[in-house]
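Asks: Provided herewith: run-v2.csv, CSV, N, CA and C atoms.
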chain,number,residue,atom,x,y,z
A,285,MET,N,98.8,102.8,198.6
A,285,MET,CA,98.6,103.9,197.7
A,285,MET,C,99.1,105.2,198.4
A,286,LYS,N,100.1,105.7,198.0
A,286,LYS,CA,100.7,106.9,198.5
A,286,LYS,C,100.0,108.1,197.8
A,287,ARG,N,99.6,109.1,198.5
A,287,ARG,CA,98.9,110.3,197.9
A,287,ARG,C,99.9,111.0,197.0
A,288,ASN,N,99.4,111.4,195.8
A,288,ASN,CA,100.2,112.2,194.9
A,288,ASN,C,99.4,113.3,194.3
A,289,VAL,N,98.2,113.6,194.8
A,289,VAL,CA,97.4,114.7,194.3
A,289,VAL,C,97.3,115.7,195.5
A,290,GLY,N,97.8,116.9,195.2
A,290,GLY,CA,97.7,118.0,196.2
A,290,GLY,C,96.4,118.6,196.4
A,291,ARG,N,96.3,119.5,197.3
A,291,ARG,CA,95.0,120.2,197.6
A,291,ARG,C,94.4,121.0,196.5
A,292,LEU,N,95.2,121.8,195.9
A,292,LEU,CA,94.8,122.7,194.7
A,292,LEU,C,94.3,121.8,193.6
A,293,ASP,N,95.1,120.8,193.3
A,293,ASP,CA,94.8,119.8,192.2
A,293,ASP,C,93.5,119.1,192.5
A,294,GLN,N,93.3,118.8,193.8
A,294,GLN,CA,92.1,118.1,194.2
A,294,GLN,C,90.8,119.0,194.0
A,295,ILE,N,91.0,120.2,194.4
A,295,ILE,CA,89.8,121.2,194.2
A,295,ILE,C,89.5,121.4,192.8
A,296,LEU,N,90.5,121.6,191.9
A,296,LEU,CA,90.3,121.7,190.5
A,296,LEU,C,89.6,120.5,189.9
A,297,ARG,N,90.1,119.3,190.3
A,297,ARG,CA,89.5,118.1,189.7
A,297,ARG,C,88.1,117.9,190.1
A,298,VAL,N,87.7,118.2,191.4
A,298,VAL,CA,86.3,118.1,191.8
A,298,VAL,C,85.5,119.1,191.0
A,299,GLY,N,85.9,120.3,190.8
A,299,GLY,CA,85.1,121.3,190.1
A,299,GLY,C,84.9,120.9,188.6
A,300,ILE,N,86.0,120.5,188.0
A,300,ILE,CA,85.9,120.0,186.6
A,300,ILE,C,85.1,118.8,186.5
A,301,SER,N,85.2,117.9,187.4
A,301,SER,CA,84.5,116.6,187.4
A,301,SER,C,83.0,116.9,187.5
A,302,LEU,N,82.6,117.8,188.4
A,302,LEU,CA,81.2,118.0,188.5
A,302,LEU,C,80.6,118.6,187.2
A,303,VAL,N,81.4,119.5,186.6
A,303,VAL,CA,80.9,120.1,185.3
A,303,VAL,C,80.8,119.0,184.3
A,304,LEU,N,81.8,118.1,184.2
A,304,LEU,CA,81.7,117.0,183.2
A,304,LEU,C,80.5,116.1,183.4
A,305,ILE,N,80.3,115.8,184.7
A,305,ILE,CA,79.2,114.9,185.1
A,305,ILE,C,77.9,115.5,184.7
A,306,TYR,N,77.8,116.8,185.0
A,306,TYR,CA,76.5,117.5,184.6
A,306,TYR,C,76.3,117.5,183.1
A,307,ILE,N,77.4,117.9,182.3
A,307,ILE,CA,77.3,117.9,180.9
A,307,ILE,C,77.0,116.5,180.3
A,308,GLY,N,77.6,115.5,180.9
A,308,GLY,CA,77.5,114.1,180.4
A,308,GLY,C,76.2,113.4,180.7
A,309,PHE,N,75.7,113.6,181.9
A,309,PHE,CA,74.6,112.8,182.4
A,309,PHE,C,73.3,113.6,182.6
A,310,VAL,N,73.4,114.9,183.0
A,310,VAL,CA,72.2,115.6,183.3
A,310,VAL,C,71.7,116.5,182.2
A,311,ASP,N,72.5,117.3,181.5
A,311,ASP,CA,72.1,118.2,180.5
A,311,ASP,C,72.2,117.5,179.1
A,312,LYS,N,71.2,116.8,178.7
A,312,LYS,CA,71.3,116.0,177.5
A,312,LYS,C,71.2,116.9,176.2
A,313,GLU,N,70.8,118.1,176.4
A,313,GLU,CA,70.7,119.0,175.2
A,313,GLU,C,72.0,119.7,174.9
A,314,PHE,N,73.0,119.7,175.8
A,314,PHE,CA,74.3,120.3,175.5
A,314,PHE,C,75.0,119.5,174.5
A,315,ILE,N,75.1,118.2,174.6
A,315,ILE,CA,75.7,117.3,173.6
A,315,ILE,C,74.6,116.3,173.2
A,316,SER,N,74.2,116.3,171.9
A,316,SER,CA,73.1,115.5,171.5
A,316,SER,C,73.4,114.0,171.3
A,317,ASP,N,74.7,113.7,171.0
A,317,ASP,CA,75.1,112.4,170.8
A,317,ASP,C,75.2,111.6,172.1
A,318,PRO,N,74.4,110.6,172.3
A,318,PRO,CA,74.4,109.8,173.6
A,318,PRO,C,75.8,109.2,173.9
A,319,LEU,N,76.5,108.7,172.9
A,319,LEU,CA,77.7,108.0,173.2
A,319,LEU,C,78.8,109.0,173.7
A,320,SER,N,78.8,110.2,173.1
A,320,SER,CA,79.8,111.2,173.5
A,320,SER,C,79.5,111.7,174.9
A,321,SER,N,78.2,112.0,175.1
A,321,SER,CA,77.8,112.5,176.5
A,321,SER,C,78.1,111.5,177.6
A,322,ASN,N,77.9,110.2,177.3
A,322,ASN,CA,78.2,109.2,178.3
A,322,ASN,C,79.7,109.1,178.5
A,323,ILE,N,80.5,109.2,177.5
A,323,ILE,CA,82.0,109.2,177.6
A,323,ILE,C,82.4,110.3,178.5
A,324,ILE,N,81.9,111.5,178.2
A,324,ILE,CA,82.3,112.7,179.0
A,324,ILE,C,81.8,112.5,180.5
A,325,GLY,N,80.7,111.9,180.7
A,325,GLY,CA,80.2,111.7,182.1
A,325,GLY,C,81.1,110.7,182.8
A,326,ILE,N,81.5,109.6,182.1
A,326,ILE,CA,82.4,108.6,182.7
A,326,ILE,C,83.8,109.2,183.0
A,327,ILE,N,84.3,110.1,182.2
A,327,ILE,CA,85.5,110.7,182.4
A,327,ILE,C,85.4,111.6,183.7
A,328,GLY,N,84.3,112.3,183.8
A,328,GLY,CA,84.0,113.1,185.0
A,328,GLY,C,83.9,112.2,186.3
A,329,VAL,N,83.3,111.1,186.2
A,329,VAL,CA,83.2,110.2,187.4
A,329,VAL,C,84.6,109.7,187.8
A,330,LEU,N,85.4,109.3,186.8
A,330,LEU,CA,86.7,108.8,187.1
A,330,LEU,C,87.6,109.9,187.7
A,331,SER,N,87.5,111.1,187.2
A,331,SER,CA,88.3,112.2,187.7
A,331,SER,C,87.8,112.5,189.1
A,332,LEU,N,86.5,112.4,189.4
A,332,LEU,CA,86.1,112.6,190.8
A,332,LEU,C,86.6,111.6,191.7
A,333,ILE,N,86.6,110.3,191.3
A,333,ILE,CA,87.2,109.3,192.1
A,333,ILE,C,88.7,109.5,192.5
A,334,VAL,N,89.4,110.0,191.4
A,334,VAL,CA,90.8,110.3,191.7
A,334,VAL,C,91.0,111.4,192.6
A,335,ALA,N,90.1,112.4,192.5
A,335,ALA,CA,90.2,113.6,193.4
A,335,ALA,C,89.8,113.2,194.9
A,336,LEU,N,88.9,112.3,195.0
A,336,LEU,CA,88.5,111.9,196.4
A,336,LEU,C,89.5,111.0,197.0
A,337,LEU,N,90.1,110.2,196.3
A,337,LEU,CA,91.2,109.3,196.8
A,337,LEU,C,92.5,110.0,196.9
A,338,ARG,N,92.7,111.1,196.2
A,338,ARG,CA,94.0,111.8,196.1
A,338,ARG,C,95.1,110.9,195.6
A,339,PHE,N,94.8,110.0,194.7
A,339,PHE,CA,95.8,109.1,194.1
A,339,PHE,C,95.5,109.0,192.7
A,340,CYS,N,96.5,109.4,191.8
A,340,CYS,CA,96.4,109.3,190.4
A,340,CYS,C,97.4,108.3,189.8
A,341,PRO,N,96.9,107.2,189.2
A,341,PRO,CA,97.8,106.3,188.6
A,341,PRO,C,98.7,106.8,187.5
A,342,LEU,N,98.2,107.8,186.7
A,342,LEU,CA,99.0,108.4,185.7
A,342,LEU,C,100.1,109.2,186.3
A,343,TYR,N,99.9,109.8,187.4
A,343,TYR,CA,101.0,110.5,188.1
A,343,TYR,C,102.1,109.6,188.5
A,344,VAL,N,101.7,108.4,188.9
A,344,VAL,CA,102.7,107.4,189.3
A,344,VAL,C,103.6,107.0,188.1
A,345,ILE,N,102.9,106.8,187.0
A,345,ILE,CA,103.7,106.4,185.8
A,345,ILE,C,104.6,107.4,185.3
A,346,THR,N,104.2,108.7,185.4
A,346,THR,CA,105.0,109.8,185.0
A,346,THR,C,106.0,110.4,186.1
A,347,GLY,N,105.8,110.0,187.3
A,347,GLY,CA,106.6,110.4,188.4
A,347,GLY,C,106.2,111.8,188.9
A,348,ILE,N,105.0,112.2,188.7
A,348,ILE,CA,104.5,113.5,189.1
A,348,ILE,C,103.9,113.4,190.5
A,349,SER,N,104.1,114.4,191.3
A,349,SER,CA,103.3,114.5,192.6
A,349,SER,C,103.1,116.0,192.8
A,350,THR,N,101.8,116.3,193.1
A,350,THR,CA,101.5,117.7,193.4
A,350,THR,C,101.3,118.0,194.9
A,351,CYS,N,101.6,117.0,195.7
A,351,CYS,CA,101.5,117.1,197.1
A,351,CYS,C,102.6,118.0,197.6
A,352,ASN,N,102.4,118.7,198.7
A,352,ASN,CA,103.4,119.5,199.3
A,352,ASN,C,104.4,118.5,200.0
A,353,ARG,N,105.6,118.7,199.8
A,353,ARG,CA,106.6,117.8,200.4
A,353,ARG,C,107.1,118.5,201.7
A,354,LYS,N,107.0,117.7,202.8
A,354,LYS,CA,107.5,118.3,204.1
A,354,LYS,C,109.0,118.1,204.2
A,355,LYS,N,109.6,119.2,204.7
A,355,LYS,CA,111.1,119.2,204.8
A,355,LYS,C,111.5,118.6,206.1
Let me see whether you can do it: turn the structure in this file into structure tokens.

Replies:
Amino acid sequence: MKRNVGRLDQILRVGISLVLIYIGFVDKEFISDPLSSNIIGIIGVLSLIVALLRFCPLYVITGISTCNRKK
């Protein structure tokens, strides 16, 4: 697994993931539908895993890399 998530992308993913996890699993009054809140929480967890591993499978498929390339 070659890293393809850069530092700024990683920081943004962690921040957004934590918000999604909070909305999905902790704050049950924000979204009253349990299925929708669980889906949002799962998306947050998956995004957090991608941020921590710094590897995004969708980036591989599309050929994107946000890592700094050394010259």

Asks: Around (100.0, 115.1, 194.7) in the file's frame, which residues reach within 5 Å when counting only N, CA and C atoms? Return as a ChimeraX atom specification?

Replies: /A:287-290,349-351

Asks: What does the distance from atom C of Ser331 in chain A to atom N of Asn352 in chain A come to in Å, to one decimal?

Replies: 18.5 Å

Asks: Kindly indicate which residue among A:Val310, A:Ile348, A:Val298, A:Leu319 lies nearest to Ile333 in chain A, using all atoms listed in the file for the distances.

Replies: A:Val298

Asks: Nearest to Gly325 in chain A among A:Ile307, A:Met285, A:Ile345, A:Leu296, with distances taken over all atoms listed in the file: which residue is it?

Replies: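 For Gly325 in chain A, the nearest of the candidates is A:Ile307.
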
Asks: Between atom N of Lys286 in chain A and atom C of Ile305 in chain A, what distance in Å does the model show, to one decimal?

Replies: 27.7 Å
